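Please read the structure below before turning to the comments.
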Amino acid sequence: MNFLLYPLTMVTFFPLLGVLVLLFLKPEQKNAARWTALITSLITFGISIAVLAQFDRTNPDLQLVINLPWIQVAGWNIAFHMGVDGLSILLVLLTTFLTPISILSTWTAVEDRVKDFMLFFLLLEVGMVGVFVSLDLFLFYIFWEFTLVPMYFLIGIWGGPNRMYAAIKFFLYTMAGSILMLLAVLWLGIQGGTFSVPELVAQDNIPANLQTWLFLAFAAAFAIKVPMWPLHSWLPDAHVEAPTAGSVILAGVLLKMGTYGFLRFNLPLFPQAAVQLAPLMGVLAVIGIIYGAAVSYAQQDVKKLVAYSSVSHLGFVMLGLFALNPQGIQGGILQMINHGLSTGALFLIVGMIYERRHTRDMDAFGGLWKIMPVYGALTLIVTLSSMGLPGLNGFVGEFTILLGAWEAGQVGGPFGSYWYAGLAAIGVILAAVYMLYMFQKVFLGPVDKDENRSLKDLNWREIVTLAPLLVFIFWIGLYPRPFFELMAPSVDKLVQILQTAALAIR
Amino acid sequence: MIFSEVTSAGAQFFQWVPLILAFPLAGLLINMFFGGRLPEKVIGIVGSSAVVLTFVVAVLQAISLVGHPEGAVVPLADWIHIGELHLRWAIQVDTLSVTMMLVVSGVGSLIHIYAIGYMHEDVRHNGDPGRYQRFFVFFNLFILAMMVLVSADNYLMLFVGWEGVGLCSYLLIGFWYDKGEGGIGNAMAAKKAFVTNRVGDFGFLLAAFTMFGAFRSFEFESVFRQAPEVAAIIPSAIMFITLFMLLGVTGKSAQLPLFVWLPDAMAGPTPVSALIHAATMVTAGVYLVARSYPLYSLVPEAQFWVTMVGALTALFSATIAVGQFDIKKVLAYSTISQLGFMVAAVGMGATVAGMFHLVTHAFFKALLFLSAGSVILGLEQGHHHVEHDPVLRKKAKNLHHFDPQDMRNMGGLRTRMPITFWVFTIGGLALAGIFPLAGFWSKDEILLEANHLYSWAYIILSIAAFFTAFYVGRQLLMVFFGEPRTEPAAHAKESPPVMTVPLMILAGLSALGGLLNLPGIHTFGHWLEHTLEAATHGEAAEVAAEVGAEAAQAGALGFDLGIAAISTALAVVALGLAWYLYDRRYKQMLDIPPAKRPDDPLRSILGPVFTGMERKWWVDELYWAVLLNPYIALSKFLAQVIDWRFWHDWFHDVVIAGGFKWITRLTAVRIDLGGIDAIANGLATVTQGLAQQMRRLQTGYVRNYALSVFVGVVIILGYLILR
């Protein structure tokens, strides 16, 4: 039984206990199902805090490692191998933090088949945490694919009118990318005699031309998940159709699985390919930043606007990661967290108004700040955070990313041109354009629709749902040091690998 | 810690400086969380006291600096720390930053007190008294952000304040976000201000990146210390930094080509226009250039560009001010023009003159805006009076569309609002540069320096000064002289003491502000010297020797009777011309029947040129045609055609999904035709089976599926545990 007492297996599999309880509930015991899920996810969050307490922030290596032989047939060495380091610890915390918040947001929004909903939600949490702590390629792949299943049902059952289309598209699209990754995983595992990522990184014996192919195979899966331009076509469908809590998790955590994949696998496993392909990834990231911002501005549906803004924001993350220097990568990791907080909050906010008015068309609103002052004020803060106002979290991430990208633009740097950072900085202007446009359409101006006059301001549960996110929005904006400290040693180690590789190919 | 460093004589309060942030923060938090339950008076007093206390702290800093002119840096906390990047929150106390603190909190205090009275009326006039609380929250937030801006010891913390004040500007321009043209006009103006400023901030960011590349630091001290070295190795770096920064300056300080947001910003309540859009926030760009003097002094080309931008802006917007009818718009363009004077001054290296004008301008322009607010309020009350008087109501026309800010609706207010009239006149004459008011001294100093350093700038600025005196005269005459042109103007009332007392104090400051830096004594110059010289110490002084010597010489130029005589003569002539046109010609105009009567004597003289001035030389229209409409069209095209119709609908749904269906159908047909082979058959069976499963899933047997997943997980776990 020791197996279950490891901190990381605890935090990964604890939600299954909630699933077990849920199975014994009757479908009409809605509140019991809600409370079960909420308490389970809160305890999971507690366990993740315990993981954080045991985490040594000065140690660059993988910690709290559990490594058990698992499947050993025909020379395959698949292990149950988990661990955290500075690259993943914050994402684990983000996942366990956003899950209870999302569950709380469904309290009145989901009335239909509550028990099943909660069941899938907790299973989703298992998959997501598993992705971030797995160190065995095979185990990672299982968790990676496993997350698709509950999300598929969350969109397909509790989604909007076009939910089946969106759910199937989401499933097939991400699945298609994963197949190439699976081939690469198998190749690596068989060639290297192990599926363990740290061991493969240590072997460091993949020839440069092969690295490129393997890099691209992994990138196919991750780039779709991020999503990087032009592979974003599934995202607006999935977001628009998904229920609020699904959108929060989708934007908040699932997209980060893509960027995390680049960070955990592509950069350290194929460093030479990463250095060589950095300009390509940088170009796609910059296009994503500008394109996502421009397309956001032309949306009528608030949720779609926020969905496209993710393309722009994740472009920043990718730009930071492929700057391949400490500022860029640390900024990129922090921006993953920031995007989870800000965009998560934005989807919650959209959900709150959708629950009241059953529309997300911006033309249906106007002047809401007057009717819902608390809602307006909280939305304003989140909006400002999302557009990178200094003093709030978004700025810290964007600034460090852009600074990293600028540094990478020096002669001989991964980008080799200042245009990357220069053009990406235009995204900062465009973000203000679409976010303030949204705020103006919904919250400012006169109240000219009668349906809006009687809207109720946020209740306590809704405020409690948003409040934790706002705390972190301010905290990271004003004093991000603890967050950077968590990741710094591991990032430095990764940068070391990349620099060695950069020297090798020159 | 800082106490222990005190060795020399003199009281020293540097360690108290964090209070300049704490007081406004406390004020805004109290009003935000408890303001809903507090009466208006208390809200106003809390908000104002926060700023008055901040002013007291700033005065203590100034007193400390007298004994310790070297100042201090008070660190607060770490901010961002990655690799070589070290950023912290720290307050720099030196004569330059304390000058700004004094201006911001001093003028801020007076305007806060004025706002207690003004907003009381304003929220009632606009029909939403609940927003009184919100006003003071935003107003204190502004003081907080401005204090961050001026007290920062590094460029990034300055940037936090820089965008923070931009946010407050956004919130306060859009304070009446449900009013304005079409109900959305004010909100649009707010957005325009923020986005335009973001364009400037883009420049600031690029300057910051270049700076880090060259200096590996953002701290003033470190950057200025290394500047001469860096300039010797990579001169282009400092060139780029200063020019990118100039873009930021044109945004925040409303210079060409980014000035377009400031006139629209007048949509905010008048205290906002006075504090944010005249006295303090818009001078942040001037402060930035003054602060970065050690960088600018190393690149004469950049100095040239800054001076050019400032001088041209000064002239360009002075001409627009002549063609405006809205009492606040005239002042807005005047502000842009005066900011141009300051930018030109700090650009050419005449930092003392620029900062001096910044201070005096804060006095007289705040005074002018607040007096204009008093006029507007007087007219609104007159309007109210007329509307509720059945006899007057019949006499008056167009009461519904009455614009209390249109100067054509005014006239004769001299006798009806005497205090406002006198303080407005003092402010106006100070702006026009009439001896011995504050504006005379500071503007003269700029002209003097310009004559010495850039003679073409001297000529442009002198012409701008002529226009300045002219529009001041025009405004004074249209508002206060002649006969009332409308019923509300005839029934206007003087404002209450809570508003007029701050006006009188500001009038005193506008009259006597010149004493700060009288020629020959140069109190203010010597005060700032400590900071400016410290920043260009050591090696910097060597490289900057040429420019520095020139500037130092210019600082000691003292007073040139010739220059003073010319500028005074220009101002007097302009005022005389204004008197001829807006007193004499205006009275003659009244004989013409209303239908044919021009609304402005200049219009009949200048014709299309006047229309150009009135329409702001069509700069807004140009922006729409060149930038905004193309961007909107592009984003619609990308969103609707490229992203949706082509990529989403056609490529994914038709090509990929449709292609897949076509292939499956092909296979199925072949099977049907009997060309069966075992593999195809097998595949088909599997597909069918899967389809069967999928259909079952879609009809609601999800629990089974979840259960099977669960069972699977349990089996795996069981295996692992029991193994």
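We label chains A, B, ... in the order they appear in the structure tokens, count residues from 1 in each chain, and number ligands from 1 in the order shown.
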
Exercise for the section: Just the residues within 9 Å of Ile460 of chain B, please, counting only C-alpha atoms, with nothing from its chain fewer than 6 positions along; format it as a ChimeraX atom specification. Expected result: /B:311-312,314-315

Can you spit out the residues from that selection as a PDB file, in the first residue's frame, using all heavy atoms?
ATOM      1  N   ALA B 311       8.513  71.824 -30.177  1.00  0.00           N
ATOM      2  CA  ALA B 311       8.256  73.143 -30.753  1.00  0.00           C
ATOM      3  C   ALA B 311       7.111  73.083 -31.754  1.00  0.00           C
ATOM      4  O   ALA B 311       6.204  73.925 -31.735  1.00  0.00           O
ATOM      5  CB  ALA B 311       9.526  73.668 -31.417  1.00  0.00           C
ATOM      6  N   LEU B 312       7.134  72.069 -32.615  1.00  0.00           N
ATOM      7  CA  LEU B 312       6.058  71.976 -33.606  1.00  0.00           C
ATOM      8  C   LEU B 312       4.713  71.746 -32.940  1.00  0.00           C
ATOM      9  O   LEU B 312       3.706  72.308 -33.353  1.00  0.00           O
ATOM     10  CB  LEU B 312       6.359  70.846 -34.607  1.00  0.00           C
ATOM     11  CG  LEU B 312       7.499  71.138 -35.575  1.00  0.00           C
ATOM     12  CD1 LEU B 312       7.716  69.960 -36.505  1.00  0.00           C
ATOM     13  CD2 LEU B 312       7.196  72.393 -36.388  1.00  0.00           C
ATOM     14  N   ALA B 314       3.863  72.746 -30.014  1.00  0.00           N
ATOM     15  CA  ALA B 314       3.476  73.998 -29.372  1.00  0.00           C
ATOM     16  C   ALA B 314       2.747  74.901 -30.363  1.00  0.00           C
ATOM     17  O   ALA B 314       1.676  75.451 -30.069  1.00  0.00           O
ATOM     18  CB  ALA B 314       4.721  74.708 -28.831  1.00  0.00           C
ATOM     19  N   LEU B 315       3.299  75.003 -31.567  1.00  0.00           N
ATOM     20  CA  LEU B 315       2.688  75.891 -32.557  1.00  0.00           C
ATOM     21  C   LEU B 315       1.410  75.288 -33.124  1.00  0.00           C
ATOM     22  O   LEU B 315       0.361  75.936 -33.173  1.00  0.00           O
ATOM     23  CB  LEU B 315       3.688  76.154 -33.684  1.00  0.00           C
ATOM     24  CG  LEU B 315       3.152  77.049 -34.819  1.00  0.00           C
ATOM     25  CD1 LEU B 315       2.719  78.392 -34.266  1.00  0.00           C
ATOM     26  CD2 LEU B 315       4.203  77.234 -35.895  1.00  0.00           C
TER      27      LEU B 315
END

Can you write out as a Markdown table which residues of chain A fall within 7 Å of chain B, alongside each residue's closest atom pair and its distance in Å to one decimal, counting only C-alpha atoms and ordering rows by chain and ascending residue number?
| residue | atom | partner | partner_atom | distance |
| --- | --- | --- | --- | --- |
| A:Met1 | CA | B:Ile721 | CA | 5.9 |
| A:Phe3 | CA | B:Ile721 | CA | 6.6 |
| A:Asp116 | CA | B:Arg703 | CA | 6.8 |
| A:Ser233 | CA | B:His648 | CA | 5.9 |
| A:Ala294 | CA | B:Ser635 | CA | 4.8 |
| A:Val295 | CA | B:Ala639 | CA | 4.7 |
| A:Tyr297 | CA | B:Ser635 | CA | 6.6 |
| A:Ala298 | CA | B:Lys636 | CA | 5.2 |
| A:Pro326 | CA | B:Gly83 | CA | 6.4 |
| A:Gln327 | CA | B:Ile82 | CA | 6.0 |
| A:Gly367 | CA | B:Asp178 | CA | 6.7 |
| A:Leu389 | CA | B:Glu163 | CA | 6.9 |
| A:Pro390 | CA | B:Val160 | CA | 4.9 |
| A:Gly391 | CA | B:Val160 | CA | 6.2 |
| A:Leu403 | CA | B:Phe209 | CA | 5.8 |
| A:Trp406 | CA | B:Phe209 | CA | 6.6 |
| A:Glu407 | CA | B:Gly213 | CA | 6.9 |
| A:Ala425 | CA | B:Phe202 | CA | 6.5 |
| A:Ile426 | CA | B:Phe202 | CA | 6.9 |
| A:Ile429 | CA | B:Arg198 | CA | 5.5 |
| A:Ala432 | CA | B:Val195 | CA | 6.3 |
| A:Val433 | CA | B:Val195 | CA | 6.4 |
| A:Leu436 | CA | B:Lys191 | CA | 6.6 |
| A:Gln440 | CA | B:Ala187 | CA | 6.6 |
| A:Leu444 | CA | B:Tyr177 | CA | 5.5 |
| A:Gly445 | CA | B:Asp178 | CA | 4.0 |
| A:Pro446 | CA | B:Asp178 | CA | 4.4 |
| A:Leu478 | CA | B:Trp79 | CA | 6.7 |
| A:Tyr479 | CA | B:Trp79 | CA | 5.4 |
| A:Pro480 | CA | B:Ile80 | CA | 6.4 |
| A:Arg481 | CA | B:Ile80 | CA | 6.0 |

File of the preceding selection, N, CA and C atoms, as a short mmCIF file (atom, residue, chain, number, x, y, z; two decimals), in the first residue's frame:
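What follows is the written file result-v7.cif:
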data_model
loop_
_atom_site.label_atom_id
_atom_site.label_comp_id
_atom_site.auth_asym_id
_atom_site.auth_seq_id
_atom_site.Cartn_x
_atom_site.Cartn_y
_atom_site.Cartn_z
N MET A 1 0.82 -1.22 0.00
CA MET A 1 0.00 0.00 0.00
C MET A 1 0.85 1.26 0.00
N PHE A 3 2.64 2.48 -2.07
CA PHE A 3 2.54 3.16 -3.35
C PHE A 3 1.62 4.38 -3.28
N ASP A 116 -22.96 12.80 -12.94
CA ASP A 116 -22.06 12.42 -14.03
C ASP A 116 -21.05 13.52 -14.31
N SER A 233 -7.90 25.79 -35.05
CA SER A 233 -9.29 25.81 -35.53
C SER A 233 -10.27 25.09 -34.60
N ALA A 294 -5.98 40.28 -33.62
CA ALA A 294 -6.80 40.90 -34.67
C ALA A 294 -8.13 40.18 -34.81
N VAL A 295 -8.10 38.85 -34.77
CA VAL A 295 -9.34 38.09 -34.94
C VAL A 295 -10.25 38.27 -33.72
N TYR A 297 -10.68 40.88 -32.04
CA TYR A 297 -11.34 42.17 -32.10
C TYR A 297 -12.60 42.13 -32.97
N ALA A 298 -12.65 41.20 -33.91
CA ALA A 298 -13.80 41.17 -34.82
C ALA A 298 -14.91 40.25 -34.33
N PRO A 326 16.91 32.36 -19.75
CA PRO A 326 16.17 32.32 -18.48
C PRO A 326 14.97 33.26 -18.44
N GLN A 327 15.14 34.49 -18.94
CA GLN A 327 14.01 35.43 -18.88
C GLN A 327 12.83 34.91 -19.69
N GLY A 367 -23.70 48.99 -20.78
CA GLY A 367 -24.02 49.68 -19.53
C GLY A 367 -24.15 48.80 -18.31
N LEU A 389 -1.56 44.99 -17.71
CA LEU A 389 -1.32 46.27 -17.02
C LEU A 389 -0.24 46.06 -15.95
N PRO A 390 0.79 46.91 -15.94
CA PRO A 390 1.82 46.76 -14.92
C PRO A 390 1.23 46.86 -13.52
N GLY A 391 1.76 46.02 -12.64
CA GLY A 391 1.20 45.96 -11.29
C GLY A 391 0.29 44.76 -11.14
N LEU A 403 11.30 40.64 -23.00
CA LEU A 403 12.71 40.93 -22.73
C LEU A 403 13.57 39.74 -23.15
N TRP A 406 13.73 39.65 -26.84
CA TRP A 406 14.64 40.72 -27.32
C TRP A 406 16.09 40.26 -27.20
N GLU A 407 16.40 39.67 -26.04
CA GLU A 407 17.77 39.19 -25.82
C GLU A 407 18.11 38.08 -26.82
N ALA A 425 5.60 42.90 -29.44
CA ALA A 425 5.19 43.99 -28.55
C ALA A 425 3.99 44.74 -29.11
N ILE A 426 3.78 44.67 -30.44
CA ILE A 426 2.57 45.28 -31.00
C ILE A 426 1.34 44.58 -30.44
N ILE A 429 -0.29 46.38 -27.71
CA ILE A 429 -1.24 47.44 -28.10
C ILE A 429 -2.57 46.82 -28.49
N ALA A 432 -4.92 45.71 -25.79
CA ALA A 432 -5.73 46.78 -25.21
C ALA A 432 -6.92 47.07 -26.10
N VAL A 433 -6.71 46.98 -27.43
CA VAL A 433 -7.80 47.30 -28.34
C VAL A 433 -8.97 46.34 -28.15
N LEU A 436 -10.47 46.30 -24.30
CA LEU A 436 -11.24 47.48 -23.94
C LEU A 436 -12.50 47.60 -24.79
N GLN A 440 -16.05 47.91 -23.16
CA GLN A 440 -16.94 49.01 -23.54
C GLN A 440 -18.29 48.49 -24.01
N LEU A 444 -19.93 49.51 -20.57
CA LEU A 444 -20.06 50.96 -20.63
C LEU A 444 -21.22 51.35 -21.56
N GLY A 445 -21.40 52.66 -21.68
CA GLY A 445 -22.50 53.13 -22.49
C GLY A 445 -23.80 53.08 -21.70
N PRO A 446 -24.89 53.52 -22.32
CA PRO A 446 -26.17 53.52 -21.62
C PRO A 446 -26.78 52.13 -21.57
N LEU A 478 2.55 42.11 -8.11
CA LEU A 478 3.33 42.97 -7.23
C LEU A 478 4.56 42.27 -6.66
N TYR A 479 4.43 40.99 -6.40
CA TYR A 479 5.54 40.31 -5.75
C TYR A 479 5.70 38.90 -6.31
N PRO A 480 6.16 38.78 -7.56
CA PRO A 480 6.22 37.47 -8.21
C PRO A 480 7.41 36.63 -7.75
N ARG A 481 8.22 37.19 -6.87
CA ARG A 481 9.46 36.52 -6.51
C ARG A 481 9.29 35.06 -6.08
#

Please identify which residues in segment 146-302 of chain A DSSP calls alpha helix (DSSP H) from the backbone, and express them as a PDB file with C-alpha atoms, in the first residue's frame.
ATOM      1  CA  PHE A 146      -6.936  10.028 -20.975  1.00  0.00           C
ATOM      2  CA  LEU A 148      -9.524  13.707 -23.840  1.00  0.00           C
ATOM      3  CA  VAL A 149     -12.200  11.338 -22.658  1.00  0.00           C
ATOM      4  CA  PRO A 150     -13.775  13.293 -19.786  1.00  0.00           C
ATOM      5  CA  MET A 151     -13.417  16.550 -21.722  1.00  0.00           C
ATOM      6  CA  TYR A 152     -15.136  14.962 -24.687  1.00  0.00           C
ATOM      7  CA  PHE A 153     -18.117  14.140 -22.529  1.00  0.00           C
ATOM      8  CA  LEU A 154     -18.126  17.451 -20.712  1.00  0.00           C
ATOM      9  CA  ILE A 155     -18.437  19.248 -24.030  1.00  0.00           C
ATOM     10  CA  GLY A 156     -20.614  16.617 -25.697  1.00  0.00           C
ATOM     11  CA  ILE A 157     -23.205  16.296 -22.928  1.00  0.00           C
ATOM     12  CA  TRP A 158     -23.290  19.631 -21.105  1.00  0.00           C
ATOM     13  CA  ARG A 163     -21.850  20.419 -28.835  1.00  0.00           C
ATOM     14  CA  MET A 164     -21.461  17.117 -30.658  1.00  0.00           C
ATOM     15  CA  TYR A 165     -19.663  18.740 -33.551  1.00  0.00           C
ATOM     16  CA  ALA A 166     -17.326  20.575 -31.180  1.00  0.00           C
ATOM     17  CA  ALA A 167     -16.693  17.532 -28.997  1.00  0.00           C
ATOM     18  CA  ILE A 168     -15.847  15.254 -31.895  1.00  0.00           C
ATOM     19  CA  LYS A 169     -13.694  17.883 -33.535  1.00  0.00           C
ATOM     20  CA  PHE A 170     -11.848  18.450 -30.270  1.00  0.00           C
ATOM     21  CA  PHE A 171     -11.317  14.745 -29.801  1.00  0.00           C
ATOM     22  CA  LEU A 172     -10.206  13.913 -33.334  1.00  0.00           C
ATOM     23  CA  TYR A 173      -8.084  16.983 -33.829  1.00  0.00           C
ATOM     24  CA  THR A 174      -6.003  16.464 -30.695  1.00  0.00           C
ATOM     25  CA  MET A 175      -5.934  12.718 -31.245  1.00  0.00           C
ATOM     26  CA  ALA A 176      -4.535  13.169 -34.748  1.00  0.00           C
ATOM     27  CA  GLY A 177      -1.569  15.116 -33.459  1.00  0.00           C
ATOM     28  CA  SER A 178      -0.962  12.614 -30.708  1.00  0.00           C
ATOM     29  CA  ILE A 179      -0.485   9.739 -33.105  1.00  0.00           C
ATOM     30  CA  LEU A 180       2.735  11.182 -34.441  1.00  0.00           C
ATOM     31  CA  MET A 181       3.859  11.733 -30.878  1.00  0.00           C
ATOM     32  CA  LEU A 182       3.076   8.102 -30.052  1.00  0.00           C
ATOM     33  CA  LEU A 183       5.332   6.942 -32.874  1.00  0.00           C
ATOM     34  CA  ALA A 184       8.110   9.162 -31.600  1.00  0.00           C
ATOM     35  CA  VAL A 185       7.561   7.918 -28.068  1.00  0.00           C
ATOM     36  CA  LEU A 186       7.839   4.310 -29.176  1.00  0.00           C
ATOM     37  CA  TRP A 187      10.923   5.013 -31.242  1.00  0.00           C
ATOM     38  CA  LEU A 188      12.617   6.775 -28.332  1.00  0.00           C
ATOM     39  CA  GLY A 189      11.670   4.101 -25.830  1.00  0.00           C
ATOM     40  CA  ILE A 190      12.868   1.226 -27.970  1.00  0.00           C
ATOM     41  CA  GLN A 191      16.053   2.892 -29.168  1.00  0.00           C
ATOM     42  CA  GLY A 192      17.037   4.196 -25.764  1.00  0.00           C
ATOM     43  CA  VAL A 197      12.582  11.116 -19.640  1.00  0.00           C
ATOM     44  CA  PRO A 198      15.432  12.018 -17.281  1.00  0.00           C
ATOM     45  CA  GLU A 199      17.402   8.993 -18.448  1.00  0.00           C
ATOM     46  CA  LEU A 200      16.816   9.829 -22.093  1.00  0.00           C
ATOM     47  CA  VAL A 201      17.888  13.415 -21.480  1.00  0.00           C
ATOM     48  CA  ALA A 202      21.021  12.154 -19.783  1.00  0.00           C
ATOM     49  CA  GLN A 203      21.829   9.827 -22.704  1.00  0.00           C
ATOM     50  CA  ALA A 208      20.915  16.203 -35.009  1.00  0.00           C
ATOM     51  CA  ASN A 209      18.937  15.287 -38.132  1.00  0.00           C
ATOM     52  CA  LEU A 210      16.914  12.706 -36.224  1.00  0.00           C
ATOM     53  CA  GLN A 211      16.302  15.227 -33.473  1.00  0.00           C
ATOM     54  CA  THR A 212      14.553  17.437 -35.984  1.00  0.00           C
ATOM     55  CA  TRP A 213      12.119  14.684 -36.988  1.00  0.00           C
ATOM     56  CA  LEU A 214      11.432  13.652 -33.411  1.00  0.00           C
ATOM     57  CA  PHE A 215      11.023  17.280 -32.421  1.00  0.00           C
ATOM     58  CA  LEU A 216       8.446  17.750 -35.154  1.00  0.00           C
ATOM     59  CA  ALA A 217       6.579  14.594 -34.179  1.00  0.00           C
ATOM     60  CA  PHE A 218       6.226  15.747 -30.587  1.00  0.00           C
ATOM     61  CA  ALA A 219       5.510  19.279 -31.745  1.00  0.00           C
ATOM     62  CA  ALA A 220       2.580  18.030 -33.811  1.00  0.00           C
ATOM     63  CA  ALA A 221       0.783  16.930 -30.666  1.00  0.00           C
ATOM     64  CA  PHE A 222       1.769  19.871 -28.539  1.00  0.00           C
ATOM     65  CA  ALA A 223       1.256  22.603 -31.134  1.00  0.00           C
ATOM     66  CA  ILE A 224      -2.326  21.485 -31.655  1.00  0.00           C
ATOM     67  CA  LYS A 225      -2.957  21.507 -27.942  1.00  0.00           C
ATOM     68  CA  TRP A 234     -10.685  23.433 -32.906  1.00  0.00           C
ATOM     69  CA  LEU A 235     -10.369  25.989 -30.129  1.00  0.00           C
ATOM     70  CA  PRO A 236     -13.199  28.440 -30.867  1.00  0.00           C
ATOM     71  CA  ASP A 237     -15.609  25.540 -31.394  1.00  0.00           C
ATOM     72  CA  ALA A 238     -14.605  23.772 -28.220  1.00  0.00           C
ATOM     73  CA  HIS A 239     -14.711  26.912 -26.114  1.00  0.00           C
ATOM     74  CA  VAL A 240     -17.964  28.240 -27.433  1.00  0.00           C
ATOM     75  CA  GLU A 241     -19.747  24.942 -26.939  1.00  0.00           C
ATOM     76  CA  THR A 244     -18.312  27.307 -18.319  1.00  0.00           C
ATOM     77  CA  ALA A 245     -16.344  25.021 -16.044  1.00  0.00           C
ATOM     78  CA  GLY A 246     -15.132  23.099 -19.083  1.00  0.00           C
ATOM     79  CA  SER A 247     -13.894  26.295 -20.728  1.00  0.00           C
ATOM     80  CA  VAL A 248     -12.105  27.322 -17.551  1.00  0.00           C
ATOM     81  CA  ILE A 249     -10.253  24.033 -17.384  1.00  0.00           C
ATOM     82  CA  LEU A 255      -3.799  24.272 -23.244  1.00  0.00           C
ATOM     83  CA  LYS A 256      -0.877  24.395 -20.822  1.00  0.00           C
ATOM     84  CA  MET A 257      -0.348  20.691 -21.407  1.00  0.00           C
ATOM     85  CA  GLY A 258       0.815  21.673 -24.883  1.00  0.00           C
ATOM     86  CA  THR A 259       3.241  24.348 -23.783  1.00  0.00           C
ATOM     87  CA  TYR A 260       4.391  22.121 -20.941  1.00  0.00           C
ATOM     88  CA  GLY A 261       5.057  19.366 -23.448  1.00  0.00           C
ATOM     89  CA  LEU A 267      13.577  21.378 -25.274  1.00  0.00           C
ATOM     90  CA  PRO A 268      15.617  18.958 -23.151  1.00  0.00           C
ATOM     91  CA  LEU A 269      15.261  15.849 -25.331  1.00  0.00           C
ATOM     92  CA  PRO A 271      17.999  20.609 -27.715  1.00  0.00           C
ATOM     93  CA  GLN A 272      19.822  20.899 -31.011  1.00  0.00           C
ATOM     94  CA  ALA A 273      16.598  20.730 -32.959  1.00  0.00           C
ATOM     95  CA  ALA A 274      15.120  23.260 -30.555  1.00  0.00           C
ATOM     96  CA  VAL A 275      17.931  25.685 -31.246  1.00  0.00           C
ATOM     97  CA  GLN A 276      17.628  25.154 -34.981  1.00  0.00           C
ATOM     98  CA  LEU A 277      13.867  25.396 -35.097  1.00  0.00           C
ATOM     99  CA  ALA A 278      13.584  28.294 -32.650  1.00  0.00           C
ATOM    100  CA  PRO A 279      13.199  30.874 -35.453  1.00  0.00           C
ATOM    101  CA  LEU A 280      10.357  28.845 -36.969  1.00  0.00           C
ATOM    102  CA  MET A 281       8.593  28.477 -33.639  1.00  0.00           C
ATOM    103  CA  GLY A 282       9.208  32.154 -32.958  1.00  0.00           C
ATOM    104  CA  VAL A 283       7.644  33.194 -36.256  1.00  0.00           C
ATOM    105  CA  LEU A 284       4.569  31.046 -35.616  1.00  0.00           C
ATOM    106  CA  ALA A 285       4.331  32.497 -32.101  1.00  0.00           C
ATOM    107  CA  VAL A 286       4.505  36.080 -33.338  1.00  0.00           C
ATOM    108  CA  ILE A 287       1.936  35.398 -36.050  1.00  0.00           C
ATOM    109  CA  GLY A 288      -0.273  33.831 -33.375  1.00  0.00           C
ATOM    110  CA  ILE A 289       0.072  36.886 -31.149  1.00  0.00           C
ATOM    111  CA  ILE A 290      -0.925  39.367 -33.844  1.00  0.00           C
ATOM    112  CA  TYR A 291      -3.432  37.152 -35.634  1.00  0.00           C
ATOM    113  CA  GLY A 292      -5.180  36.094 -32.434  1.00  0.00           C
ATOM    114  CA  ALA A 293      -5.463  39.699 -31.321  1.00  0.00           C
ATOM    115  CA  ALA A 294      -6.799  40.902 -34.667  1.00  0.00           C
ATOM    116  CA  VAL A 295      -9.338  38.093 -34.943  1.00  0.00           C
ATOM    117  CA  SER A 296     -10.482  38.596 -31.338  1.00  0.00           C
ATOM    118  CA  TYR A 297     -11.342  42.173 -32.099  1.00  0.00           C
ATOM    119  CA  VAL A 302     -17.735  37.293 -25.874  1.00  0.00           C
TER     120      VAL A 302
END

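The residue set within 10 Å of segment 73-79 of chain A, counting only C-alpha atoms and dropping same-chain residues fewer than 2 places from it, reads Ile66, Asn67, Leu68, Pro69, Trp70, Ile71, His81, Met82, Ser134, Leu135, Asp136, Leu137, Phe138, Leu139, Leu186, Gly189, Ile190, Gln191, Gly192, Gly193, Thr194, Phe195 and Ser196 of chain A.
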
Handout entry: Spatial neighbours of His357 of chain B, 10 Å, only C-alpha atoms, chain gap at least 5 places, as number ranges by chain
Key = B: 338-339, 341-342, 345, 351-352, 362-363, 438-446, 513-514

Exercise for the section: Would you mind listing what lies within 10 Å of Pro436 of chain B as a PyMOL selection string, with only C-alpha atoms counted and same-chain residues fewer than 6 positions away left out? Expected result: chain B and resi 429-430+510-515

Which residues of segment 14-78 of chain B have any atom within 12 Å of an atom in segment 484-501 of chain B when counting only C-alpha atoms, and what is the closest pair of atoms for each, with the distance in Å to one decimal? Order the rows by chain and rising number and write it as a tab-separated table.
residue	atom	partner	partner_atom	distance
B:Lys41	CA	B:Val498	CA	11.7
B:Gly44	CA	B:Val498	CA	11.4
B:Ile45	CA	B:Val498	CA	11.9
